[in-house]
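Peer 1: File follows, data.txt with compact mmCIF, C-alpha atoms:
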# COMPACT_ATOMS: atom_id res chain seq x y z
CA MET A 544 125.96 140.55 127.07
CA LYS A 545 127.05 138.13 129.77
CA ALA A 546 123.99 138.99 131.83
CA PHE A 547 121.83 138.38 128.77
CA LEU A 548 123.36 134.91 128.23
CA LEU A 549 122.71 134.02 131.85
CA SER A 550 119.07 135.15 131.77
CA PRO A 551 116.30 132.50 131.90
CA ARG A 552 114.69 134.09 128.85
CA PHE A 553 117.74 133.34 126.70
CA TRP A 554 117.75 129.65 127.58
CA ILE A 555 113.98 129.26 127.23
CA VAL A 556 114.08 130.79 123.75
CA THR A 557 117.15 128.69 122.88
CA LEU A 558 115.45 125.47 124.00
CA ALA A 559 112.28 126.34 122.07
CA GLY A 560 114.31 127.20 118.95
CA VAL A 561 116.28 123.94 119.09
CA LEU A 562 113.11 121.89 119.54
CA VAL A 563 111.27 123.60 116.67
CA ALA A 564 114.30 123.36 114.35
CA ALA A 565 114.86 119.68 115.21
CA LEU A 566 111.18 118.84 114.77
CA THR A 567 110.78 120.61 111.41
CA PHE A 568 114.05 119.15 110.09
CA SER A 569 112.95 115.66 111.17
CA LEU A 570 109.57 116.09 109.47
CA GLY A 571 111.30 117.24 106.28
CA GLN A 572 113.49 114.13 106.32
CA TRP A 573 110.44 111.95 106.91
CA GLN A 574 108.74 113.43 103.84
CA LEU A 575 111.85 112.74 101.76
CA ARG A 576 111.87 109.14 102.96
CA ARG A 577 108.21 108.82 101.99
CA ALA A 578 109.01 110.24 98.56
CA ALA A 579 111.86 107.74 98.18
CA GLN A 580 109.50 104.88 99.07
CA LYS A 581 106.97 106.09 96.51
CA GLU A 582 109.71 106.41 93.87
CA ALA A 583 110.76 102.81 94.59
CA LEU A 584 107.12 101.76 94.22
CA GLN A 585 106.86 103.67 90.95
CA THR A 586 109.95 101.85 89.68
CA ALA A 587 108.48 98.52 90.77
CA ILE A 588 105.21 99.27 88.96
CA ALA A 589 107.07 100.18 85.77
CA THR A 590 109.24 97.06 86.04
CA GLN A 591 106.31 94.73 86.65
CA SER A 592 104.23 96.32 83.91
CA GLY A 593 107.01 95.59 81.45
CA HIS A 594 106.75 91.84 81.97
CA ALA A 595 104.91 89.60 79.56
CA LEU A 596 101.52 88.22 80.59
CA ALA A 597 101.98 85.54 83.23
CA ASP A 598 99.72 82.52 83.52
CA ALA A 599 98.59 80.82 86.72
CA ALA A 600 101.61 78.52 86.83
CA ALA A 601 104.03 81.44 86.58
CA LEU A 602 102.06 83.38 89.18
CA LEU A 603 102.04 80.52 91.66
CA ALA A 604 105.79 80.08 91.20
CA ILE A 605 106.45 83.59 92.55
CA THR A 606 107.27 83.46 96.27
CA PRO A 607 106.06 85.39 98.11
CA VAL A 608 103.13 86.09 95.86
CA GLU A 609 103.12 89.74 96.98
CA ASP A 610 106.21 90.18 94.79
CA ALA A 611 103.90 89.78 91.78
CA ILE A 612 101.83 92.89 92.60
CA HIS A 613 101.32 95.10 89.50
CA ARG A 614 102.34 92.27 87.17
CA PRO A 615 100.05 91.70 84.16
CA VAL A 616 98.52 88.23 84.02
CA LEU A 617 96.11 86.13 82.01
CA LEU A 618 94.49 83.59 84.32
CA ARG A 619 92.14 80.76 83.44
CA GLY A 620 89.66 79.36 85.89
CA THR A 621 86.04 79.11 86.91
CA TRP A 622 84.06 81.80 88.68
CA GLN A 623 82.59 81.15 92.12
CA PRO A 624 79.52 83.41 91.76
CA GLN A 625 77.90 82.21 94.99
CA HIS A 626 80.63 84.15 96.83
CA THR A 627 80.32 87.39 94.87
CA VAL A 628 80.53 90.50 97.07
CA PHE A 629 79.51 94.08 96.22
CA LEU A 630 81.86 96.59 97.85
CA ASP A 631 79.87 99.74 98.53
CA ASN A 632 80.81 103.44 98.25
CA ARG A 633 83.44 102.91 95.58
CA PRO A 634 83.87 105.80 93.13
CA MET A 635 84.67 105.58 89.43
CA SER A 636 84.57 108.42 86.90
CA GLY A 637 83.08 110.74 89.50
CA LYS A 638 80.21 108.41 90.42
CA THR A 639 79.69 106.18 93.44
CA GLY A 640 78.63 102.58 93.20
CA PHE A 641 79.85 99.02 93.76
CA VAL A 642 83.08 97.27 92.95
CA VAL A 643 82.10 93.70 92.19
CA VAL A 644 84.44 91.06 93.63
CA THR A 645 84.16 87.40 92.64
CA PRO A 646 86.56 84.54 93.50
CA LEU A 647 88.16 82.71 90.57
CA ALA A 648 89.27 79.10 91.07
CA LEU A 649 92.46 78.77 89.04
CA GLU A 650 92.70 76.02 86.45
CA GLY A 651 95.11 73.24 87.37
CA SER A 652 95.43 74.42 90.95
CA ASN A 653 93.58 74.38 94.24
CA LYS A 654 94.18 78.11 94.66
CA VAL A 655 91.52 80.79 94.40
CA ILE A 656 92.12 84.46 93.70
CA LEU A 657 89.75 87.34 94.35
CA VAL A 658 89.01 89.25 91.17
CA GLN A 659 87.95 92.89 91.27
CA ARG A 660 85.84 92.51 88.16
CA GLY A 661 84.73 96.10 87.69
CA TRP A 662 82.41 98.85 88.83
CA VAL A 663 78.63 99.15 88.54
CA GLN A 664 76.31 101.93 89.65
CA ARG A 665 73.92 101.11 92.44
CA ASP A 666 70.19 101.71 92.61
CA PHE A 667 69.85 104.71 94.92
CA THR A 668 66.06 104.33 95.12
CA ASP A 669 66.54 100.92 96.76
CA ARG A 670 69.93 100.63 98.44
CA ASN A 671 69.45 96.93 99.13
CA ARG A 672 68.77 96.08 95.50
CA LEU A 673 71.70 94.38 93.79
CA PRO A 674 72.47 95.18 90.15
CA ASP A 675 72.24 92.38 87.63
CA VAL A 676 75.81 91.25 86.94
CA PRO A 677 75.92 88.09 84.83
CA THR A 678 78.76 85.69 85.56
CA PRO A 679 79.88 83.34 82.76
CA ALA A 680 79.84 79.65 83.65
CA GLY A 681 82.59 77.20 82.82
CA LEU A 682 86.24 77.92 82.09
CA VAL A 683 87.01 81.59 81.48
CA ALA A 684 90.15 83.60 80.76
CA VAL A 685 90.55 86.79 82.80
CA GLN A 686 93.19 89.40 82.02
CA GLY A 687 94.33 92.02 84.49
CA ARG A 688 97.09 92.94 86.86
CA ILE A 689 97.91 91.60 90.27
CA ALA A 690 96.93 94.02 93.03
CA PRO A 691 96.74 94.10 96.82
CA PRO A 692 93.47 92.96 98.37
CA PRO A 693 90.57 95.40 97.86
CA SER A 694 91.25 98.71 99.58
CA LYS A 695 89.45 99.40 102.84
CA LEU A 696 87.32 102.37 103.71
CA TYR A 697 86.54 103.65 107.18
CA GLU A 698 84.86 100.87 109.15
CA PHE A 699 81.85 101.68 111.29
CA LYS A 700 81.66 98.11 112.55
CA GLY A 701 83.71 94.93 112.67
CA ILE A 702 83.90 92.07 110.19
CA GLU A 703 80.98 92.30 107.75
CA ALA A 704 78.87 89.62 106.13
CA GLY A 705 76.34 89.52 103.33
CA ARG A 706 76.51 90.45 99.67
CA ILE A 707 76.84 94.21 100.20
CA ARG A 708 79.82 95.21 102.31
CA GLN A 709 81.83 98.29 103.04
CA ASN A 710 85.10 96.35 103.28
CA MET A 711 86.43 92.86 102.82
CA ASP A 712 88.96 91.27 105.14
CA LEU A 713 90.83 88.64 103.15
CA GLN A 714 91.52 86.22 106.00
CA ALA A 715 88.03 86.54 107.43
CA PHE A 716 86.50 86.00 103.98
CA ALA A 717 88.65 82.90 103.45
CA ALA A 718 87.46 81.51 106.77
CA GLU A 719 83.86 82.42 105.96
CA THR A 720 83.84 80.76 102.53
CA GLY A 721 86.35 77.99 103.11
CA LEU A 722 88.18 79.02 99.94
CA PRO A 723 92.01 78.74 99.75
CA LEU A 724 92.42 82.40 98.82
CA MET A 725 95.71 83.84 97.65
CA GLY A 726 97.11 86.84 99.50
CA VAL A 727 96.60 89.14 96.52
CA SER A 728 93.76 90.04 94.19
CA LEU A 729 93.38 90.47 90.45
CA LEU A 730 92.28 93.83 89.07
CA GLN A 731 90.51 92.86 85.87
CA THR A 732 91.28 95.14 82.93
CA GLY A 733 89.94 95.51 79.44
CA PRO A 734 86.75 96.94 77.94
CA SER A 735 83.45 96.95 79.78
CA SER A 736 81.62 93.64 79.89
CA GLU A 737 78.87 92.00 81.95
CA GLY A 738 77.67 95.54 82.69
CA LEU A 739 80.91 96.35 84.54
CA HIS A 740 83.15 99.34 83.88
CA ARG A 741 86.91 99.10 84.31
CA ASP A 742 88.17 102.67 84.14
CA TRP A 743 90.53 102.04 87.03
CA ALA A 744 92.40 105.14 88.15
CA PRO A 745 96.19 104.79 87.94
CA PRO A 746 98.00 104.62 91.28
CA ASN A 747 98.31 108.14 92.68
CA LEU A 748 101.68 108.02 94.36
CA GLY A 749 101.88 111.72 95.15
CA ILE A 750 105.68 111.94 94.98
CA GLU A 751 105.58 115.66 94.16
CA LYS A 752 103.36 116.23 97.20
CA HIS A 753 105.97 114.72 99.51
CA HIS A 754 108.71 116.83 97.96
CA GLY A 755 106.55 119.93 98.44
CA TYR A 756 105.89 119.11 102.08
CA ALA A 757 109.61 118.44 102.63
CA PHE A 758 110.47 121.85 101.17
CA GLN A 759 107.96 123.52 103.49
CA TRP A 760 109.35 121.81 106.58
CA PHE A 761 112.96 122.58 105.66
CA ALA A 762 112.02 126.20 104.91
CA LEU A 763 110.36 126.48 108.32
CA CYS A 764 113.47 124.95 109.92
CA ALA A 765 115.71 127.47 108.13
CA LEU A 766 113.41 130.34 109.15
CA THR A 767 113.55 129.21 112.78
CA VAL A 768 117.35 129.12 112.74
CA PHE A 769 117.52 132.52 111.03
CA LEU A 770 115.15 134.16 113.50
CA TYR A 771 117.00 132.64 116.43
CA ILE A 772 120.37 133.90 115.20
CA TRP A 773 118.95 137.34 114.39
CA PHE A 774 117.14 137.97 117.65
CA GLN A 775 119.37 136.01 120.02
CA VAL A 776 122.82 136.75 118.62
CA ILE A 777 122.95 139.56 116.07
CA SER A 778 120.49 142.00 117.67
CA PRO A 779 122.07 141.86 121.15
CA LEU A 780 125.55 142.36 119.64
CA ARG A 781 124.35 145.35 117.62
CA ARG A 782 122.76 146.90 120.66
CA LYS A 783 125.97 146.38 122.63
CA GLN A 784 128.09 148.01 119.90
CA GLN A 785 125.90 151.09 119.60
CA PRO A 786 127.50 154.12 121.32
CA THR A 787 125.77 155.43 124.38
CA ASN A 788 124.68 159.04 124.08
CA LYS A 789 125.82 161.01 127.11
CA SER A 790 124.54 164.41 128.04
CA PRO A 791 127.18 167.20 128.18
Is it possible to express this structure as structure tokens?

Peer 2:
Amino acid sequence: MKAFLLSPRFWIVTLAGVLVAALTFSLGQWQLRRAAQKEALQTAIATQSGHALADAAALLAITPVEDAIHRPVLLRGTWQPQHTVFLDNRPMSGKTGFVVVTPLALEGSNKVILVQRGWVQRDFTDRNRLPDVPTPAGLVAVQGRIAPPPSKLYEFKGIEAGRIRQNMDLQAFAAETGLPLMGVSLLQTGPSSEGLHRDWAPPNLGIEKHHGYAFQWFALCALTVFLYIWFQVISPLRRKQQPTNKSP
């Protein structure tokens, strides 16, 4: 047994077992931390959703404004249709089209908020043809919930320009338009209007997925420890304890 413990093979296997066990245990803990973050986000969404509709004054009073994400609001202002952008390759209800984004200048303030107004199917026979999306003039009331800036897809190039874009960078768009944009957007809710659909998918937090991954990593860690103990400790001891058959 002593010779076995001093063999290079024993220490190589021991080092490999420790590394694999430490790595899998660390990955399991990381998945649990991700699940905890998602649970905190879920709690924040539920808390914010329970608030009464906030107006522009209440929204602007929240500092930082990112703390208002997921809060329901009813904002009044005027559309800035000359800065409307069509975000391409955005799915809704199993179809791909545009998410239409238009800035809204808030009433009684110099602030402007990007509004994700809804989804519209594109013309696949002419990919450069924009759908007809009417934009009401004058003062309007828009109901929705505060959201992060429009999500980004994989970028094949840098900052984009034009009416049809793959992504929208908030700071670059503010510099491009000269608008004092807020650091959040408004996800407009309610029934379809102006040819736009608003069947927004609820946030998919995937908490159960993280718990499942954590279980897999911890199970692999436990299996590694078990195999190490079995083959490096128990099996050698059993072989040592077995009687040696001697010929008469």

Peer 1: Give as a PyMOL selection string each residue that has an atom at most 12 Å from (95.3, 83.8, 89.6) in the file, counting all atoms listed in the file.

Peer 2: chain A and resi 596-605+608+611-612+614-622+646-659+683-690+723-731

Peer 1: For CA of Ile588 in chain A and CA of Glu751 in chain A, determine how far apart the two atoms are, in Å to one decimal place.

Peer 2: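 One can read the CA of Ile588 in chain A to CA of Glu751 in chain A distance as 17.2 Å.
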
Peer 1: With distances taken over all atoms listed in the file, which of A:Leu630, A:Leu558, A:Met635, A:Ala564 is nearest to Val768 in chain A?

Peer 2: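 Of the candidates, the smallest distance to Val768 in chain A is held by A:Ala564.
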
Peer 1: Hey, what's within 10 Å of Thr557 in chain A if we count only C-alpha atoms and toss same-chain stuff fewer than 5 positions away? As a PyMOL selection string, please?

Peer 2: chain A and resi 551-552+562-563+771-772+775

Peer 1: Could you state the separation of CA of Phe568 in chain A and CA of Trp760 in chain A in Å, given to one decimal place?

Peer 2: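 A separation of 6.4 Å between them.
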
Peer 1: Determine the axis-aligned bounding box of all atoms of range 721-730 of chain A present in the file, pad each side by 4 Å, and express its centre and edge lengths in Å to one decimal place as lines of an AutoDock Vina configuration file.

Peer 2:
center_x = 91.7
center_y = 85.9
center_z = 96.1
size_x = 18.8
size_y = 23.8
size_z = 22.0

Peer 1: Quick one: distance from CA of Leu739 in chain A to CA of Ala589 in chain A in Å, one decimal?

Peer 2: 26.5 Å

Peer 1: Set the distance at 12 Å and use all atoms listed in the file: which residues neighbour Gln574 in chain A once local chain neighbours fewer than 4 positions away are removed? I'd like the list as a VMD selection string.

Peer 2: chain A and resid 567 to 570 578 to 581 749 to 761

Peer 1: Looking at all atoms listed in the file, which of A:Thr627, A:Gln572, A:Glu609, A:Val643 is the one that sits closest to Arg741 in chain A?

Peer 2: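 Ranking A:Thr627, A:Gln572, A:Glu609, A:Val643 by distance to Arg741 in chain A, first place goes to A:Val643.
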
Peer 1: Select, from A:Pro691, A:Arg708, A:Ala583, A:Arg577, the residue with the minimum atom-to-atom distance to Arg670 in chain A, counting only C-alpha atoms.

Peer 2: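 Smallest distance to Arg670 in chain A is found for A:Arg708.
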
Peer 1: So, counting only C-alpha atoms, which residue among A:Leu575, A:Leu584, A:Leu770, A:His626 is closest to His613 in chain A?

Peer 2: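 Of the candidates, the smallest distance to His613 in chain A is held by A:Leu584.
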
Peer 1: Ser636 in chain A: which residues within 9 Å, counting all atoms listed in the file, same-chain residues fewer than 4 positions away excluded, as a VMD selection string?

Peer 2: chain A and resid 742 to 744
